[in-house]
Amino acid sequence: MSILVVGSVALDSVTTPFGEVKDVLGGSAIYASYAASFYSPVNLVGVVGKDFPEQYLALLKERKISLDGLQIEEGKTFRWSGYYEYDMNQAQSLCTELNVFSTFHPHIPEQYRSSQFVFLANIDPELQIEVLKQVKKPLLSILDTMNYWIHSKRQSLLKVISMVDLVLLNDNEARQLCNTPNLVKAAKTVLSYGPKIVIIKKGEHGSSMFTNSTVFSAPAYPLEMIYDPTGAGDAFAGGLIGHLAVSGDLSDNNIRRAVIAGSVMASFDVEDFSLNRLIRLTQEELYARYRAYRMLIHFDDQE
Ligand code: AMP
């Protein structure tokens, strides 16, 4: 089934203890679309400036990511720079240059409006609301955000949270949004705003999915080397929505499998800077790690 992804398309500059890159392909919508494209074609909506490298557009087209909704405007592409210290669970933002994003309004092409699976990747929550007003009610709508919007657009963020089915937050964002150090309480607070499912991502400590009656926790795939965590949350979202869209099955069991698909995708993303590892990733590697992951969490309750 069709997937619509709306979010940031960026040129990122990132420093980690293991290297640095400048003005490389990034953005929430890019990581999510690229990850989801391992499962299903993706319709991408976003904006770039005239400085956006042609080679990056070619890379997306090769993955069957439709760019009919990508606006190319006069001006500079959105830029984000950040760094990670040895504890790579938390990005420290150095600079966010909205550039063409400051005047952007998403226009959802007619042929995308009945997409069954919609991912509102991290962008201004007011723009996320504009997207929801343009699409027909999807089977599943998923929203991601970040501390930048929790602080600057809290009311709009609460409004859009009440309009979607599933909310993704990382642990610090959940604590900040809900004013509590306790993630179980934070998840319950977010559920009380309206969504049916909340997934809290905890970096190397995995993720937990909460509904009003269940909790499911998945560890992060154990890796010896993590080069750059940028985009892990979006790759997680892409794997999750891709898995759900390809099956069209929204049962609790299948959403649990989708959390694993998201965790596996995120584990590849962090193995290199920018999208480099996802670009090299093969379907065989993806399935092999999914199988290895199953062994990681498998246990028998009797001999
Ligand atoms: P993640 O590591 O999954 O949380 O997301 C990383 C991506 O988020 C980077 O590629 C950035 O370009 C993008 N990003 C950073 N700040 C913002 C923001 N304020 N709005 C939208 N996207 C952002």
# chains A, B, ... in the order shown; residues from 1 in each chain; ligands from 1

$ residues_near_ligand --ligand "ligand 1" --cutoff "6 Å" --atoms "only C-alpha atoms and all ligand atoms" --output "list in words"
Ser8, Ala10, Asp12, Gly26, Gly27, Ser28, Trp80, Asn122, Ile123, Tyr148, Thr230, Gly231, Ala232, Gly233 and Asp234 of chain A

$ write_last_selection --atoms "all heavy atoms" --output "mmCIF file, in the first residue's frame"
data_model
loop_
_atom_site.group_PDB
_atom_site.id
_atom_site.type_symbol
_atom_site.label_atom_id
_atom_site.label_comp_id
_atom_site.auth_asym_id
_atom_site.auth_seq_id
_atom_site.Cartn_x
_atom_site.Cartn_y
_atom_site.Cartn_z
ATOM 1 N N SER A 8 11.631 16.978 6.703
ATOM 2 C CA SER A 8 12.756 17.804 6.261
ATOM 3 C C SER A 8 13.645 17.054 5.275
ATOM 4 O O SER A 8 13.818 15.841 5.349
ATOM 5 C CB SER A 8 13.571 18.289 7.464
ATOM 6 O OG SER A 8 14.109 17.213 8.186
ATOM 7 N N ALA A 10 17.466 17.727 4.023
ATOM 8 C CA ALA A 10 18.505 18.587 4.602
ATOM 9 C C ALA A 10 19.879 18.319 4.031
ATOM 10 O O ALA A 10 20.152 17.260 3.454
ATOM 11 C CB ALA A 10 18.546 18.356 6.111
ATOM 12 N N ASP A 12 23.237 18.082 6.035
ATOM 13 C CA ASP A 12 23.668 17.977 7.433
ATOM 14 C C ASP A 12 25.179 18.080 7.568
ATOM 15 O O ASP A 12 25.927 17.572 6.717
ATOM 16 C CB ASP A 12 23.284 16.595 7.995
ATOM 17 C CG ASP A 12 21.802 16.433 8.273
ATOM 18 O OD1 ASP A 12 21.074 17.443 8.324
ATOM 19 O OD2 ASP A 12 21.375 15.272 8.443
ATOM 20 N N GLY A 26 20.719 14.490 4.219
ATOM 21 C CA GLY A 26 20.068 14.154 5.487
ATOM 22 C C GLY A 26 18.656 14.694 5.492
ATOM 23 O O GLY A 26 18.095 15.049 4.458
ATOM 24 N N GLY A 27 18.096 14.764 6.680
ATOM 25 C CA GLY A 27 16.716 15.247 6.819
ATOM 26 C C GLY A 27 15.813 14.096 7.205
ATOM 27 O O GLY A 27 16.005 12.955 6.761
ATOM 28 N N SER A 28 14.818 14.426 8.036
ATOM 29 C CA SER A 28 13.941 13.379 8.558
ATOM 30 C C SER A 28 13.221 12.623 7.446
ATOM 31 O O SER A 28 13.108 11.397 7.472
ATOM 32 C CB SER A 28 12.925 14.003 9.522
ATOM 33 O OG SER A 28 12.190 15.036 8.872
ATOM 34 N N TRP A 80 21.179 21.523 8.926
ATOM 35 C CA TRP A 80 21.274 21.229 10.360
ATOM 36 C C TRP A 80 22.698 20.795 10.651
ATOM 37 O O TRP A 80 23.302 20.053 9.864
ATOM 38 C CB TRP A 80 20.304 20.098 10.733
ATOM 39 C CG TRP A 80 20.443 19.661 12.169
ATOM 40 C CD1 TRP A 80 19.985 20.316 13.269
ATOM 41 C CD2 TRP A 80 21.102 18.476 12.644
ATOM 42 N NE1 TRP A 80 20.315 19.611 14.405
ATOM 43 C CE2 TRP A 80 21.001 18.494 14.058
ATOM 44 C CE3 TRP A 80 21.770 17.418 12.029
ATOM 45 C CZ2 TRP A 80 21.535 17.480 14.856
ATOM 46 C CZ3 TRP A 80 22.309 16.412 12.820
ATOM 47 C CH2 TRP A 80 22.178 16.444 14.213
ATOM 48 N N ASN A 122 9.734 14.601 11.273
ATOM 49 C CA ASN A 122 10.020 15.798 12.056
ATOM 50 C C ASN A 122 10.096 17.071 11.202
ATOM 51 O O ASN A 122 11.045 17.252 10.442
ATOM 52 C CB ASN A 122 11.357 15.527 12.772
ATOM 53 C CG ASN A 122 11.888 16.724 13.480
ATOM 54 O OD1 ASN A 122 11.129 17.574 13.920
ATOM 55 N ND2 ASN A 122 13.209 16.790 13.578
ATOM 56 N N ILE A 123 9.066 17.899 11.315
ATOM 57 C CA ILE A 123 9.086 19.278 10.808
ATOM 58 C C ILE A 123 8.178 20.104 11.714
ATOM 59 O O ILE A 123 7.587 19.579 12.646
ATOM 60 C CB ILE A 123 8.577 19.479 9.344
ATOM 61 C CG1 ILE A 123 7.346 18.629 9.046
ATOM 62 C CG2 ILE A 123 9.663 19.418 8.328
ATOM 63 C CD1 ILE A 123 6.639 19.033 7.743
ATOM 64 N N TYR A 148 13.287 20.744 19.489
ATOM 65 C CA TYR A 148 13.186 22.085 18.886
ATOM 66 C C TYR A 148 11.722 22.539 18.801
ATOM 67 O O TYR A 148 11.391 23.667 19.127
ATOM 68 C CB TYR A 148 13.798 21.983 17.479
ATOM 69 C CG TYR A 148 13.934 23.287 16.726
ATOM 70 C CD1 TYR A 148 15.049 24.092 16.903
ATOM 71 C CD2 TYR A 148 12.959 23.693 15.812
ATOM 72 C CE1 TYR A 148 15.188 25.281 16.186
ATOM 73 C CE2 TYR A 148 13.088 24.875 15.097
ATOM 74 C CZ TYR A 148 14.208 25.658 15.289
ATOM 75 O OH TYR A 148 14.343 26.824 14.579
ATOM 76 N N THR A 230 22.840 9.836 13.553
ATOM 77 C CA THR A 230 21.889 10.737 12.881
ATOM 78 C C THR A 230 20.938 9.930 11.994
ATOM 79 O O THR A 230 21.373 9.090 11.206
ATOM 80 C CB THR A 230 22.633 11.768 11.998
ATOM 81 O OG1 THR A 230 23.636 12.383 12.788
ATOM 82 C CG2 THR A 230 21.680 12.810 11.443
ATOM 83 N N GLY A 231 19.678 10.214 12.137
ATOM 84 C CA GLY A 231 18.688 9.573 11.271
ATOM 85 C C GLY A 231 18.198 8.236 11.779
ATOM 86 O O GLY A 231 17.304 7.628 11.166
ATOM 87 N N ALA A 232 18.747 7.759 12.913
ATOM 88 C CA ALA A 232 18.328 6.435 13.396
ATOM 89 C C ALA A 232 16.820 6.413 13.677
ATOM 90 O O ALA A 232 16.131 5.452 13.332
ATOM 91 C CB ALA A 232 19.100 6.061 14.659
ATOM 92 N N GLY A 233 16.326 7.497 14.266
ATOM 93 C CA GLY A 233 14.899 7.551 14.580
ATOM 94 C C GLY A 233 14.045 7.539 13.318
ATOM 95 O O GLY A 233 12.986 6.908 13.265
ATOM 96 N N ASP A 234 14.521 8.223 12.298
ATOM 97 C CA ASP A 234 13.760 8.275 11.039
ATOM 98 C C ASP A 234 13.870 6.956 10.276
ATOM 99 O O ASP A 234 12.907 6.515 9.642
ATOM 100 C CB ASP A 234 14.272 9.433 10.181
ATOM 101 C CG ASP A 234 14.235 10.725 10.964
ATOM 102 O OD1 ASP A 234 13.166 11.051 11.506
ATOM 103 O OD2 ASP A 234 15.283 11.382 11.073
#

$ closest_atom_pairs --of "segment 181-264 of chain A" --to "segment 90-93 of chain A" --cutoff "10 Å" --atoms "only C-alpha atoms" --output "CSV"
residue,atom,partner,partner_atom,distance
A:Lys202,CA,A:Gln90,CA,9.6
A:Gly203,CA,A:Gln90,CA,8.1
A:Asp228,CA,A:Ala91,CA,9.9
A:Pro229,CA,A:Ala91,CA,8.1
A:Thr230,CA,A:Ala91,CA,7.7

$ atom_distance --atom1 "atom CA of Leu244 of chain A" --atom2 "atom CA of Ala258 of chain A"
6.3 Å

$ closest_atom_pairs --of "segment 28-76 of chain A" --to "segment 124-131 of chain A" --cutoff "12 Å" --atoms "only C-alpha atoms" --output "CSV"
residue,atom,partner,partner_atom,distance
A:Ser28,CA,A:Asp124,CA,11.7
A:Val45,CA,A:Val131,CA,9.6
A:Gly46,CA,A:Leu127,CA,10.5
A:Gly69,CA,A:Val131,CA,11.9

$ write_last_selection --atoms "all heavy atoms" --output "PDB file, in the first residue's frame"
ATOM      1  N   SER A  28      14.818  14.426   8.036  1.00  0.00           N
ATOM      2  CA  SER A  28      13.941  13.379   8.558  1.00  0.00           C
ATOM      3  C   SER A  28      13.221  12.623   7.446  1.00  0.00           C
ATOM      4  O   SER A  28      13.108  11.397   7.472  1.00  0.00           O
ATOM      5  CB  SER A  28      12.925  14.003   9.522  1.00  0.00           C
ATOM      6  OG  SER A  28      12.190  15.036   8.872  1.00  0.00           O
ATOM      7  N   VAL A  45       7.226  14.304   0.116  1.00  0.00           N
ATOM      8  CA  VAL A  45       6.888  15.728   0.009  1.00  0.00           C
ATOM      9  C   VAL A  45       7.830  16.517   0.913  1.00  0.00           C
ATOM     10  O   VAL A  45       8.015  16.182   2.090  1.00  0.00           O
ATOM     11  CB  VAL A  45       5.415  15.982   0.416  1.00  0.00           C
ATOM     12  CG1 VAL A  45       5.143  17.485   0.547  1.00  0.00           C
ATOM     13  CG2 VAL A  45       4.459  15.374  -0.617  1.00  0.00           C
ATOM     14  N   GLY A  46       8.461  17.540   0.332  1.00  0.00           N
ATOM     15  CA  GLY A  46       9.382  18.376   1.097  1.00  0.00           C
ATOM     16  C   GLY A  46       9.832  19.529   0.227  1.00  0.00           C
ATOM     17  O   GLY A  46       9.233  19.800  -0.822  1.00  0.00           O
ATOM     18  N   GLY A  69       6.343  15.509  -5.312  1.00  0.00           N
ATOM     19  CA  GLY A  69       5.965  16.433  -4.238  1.00  0.00           C
ATOM     20  C   GLY A  69       7.150  17.175  -3.646  1.00  0.00           C
ATOM     21  O   GLY A  69       7.002  17.852  -2.632  1.00  0.00           O
TER      22      GLY A  69
END

$ closest_residue --among "A:Leu139, A:Leu59, A:Asp51, A:Lys201" --to "Asn99 of chain A" --atoms "only C-alpha atoms"
A:Asp51

$ residues_around --residues "Glu74 of chain A" --least-positions-apart "3" --cutoff "12 Å" --atoms "only C-alpha atoms" --output "number ranges by chain"
A: 47-52, 71, 77, 99-101, 103-104
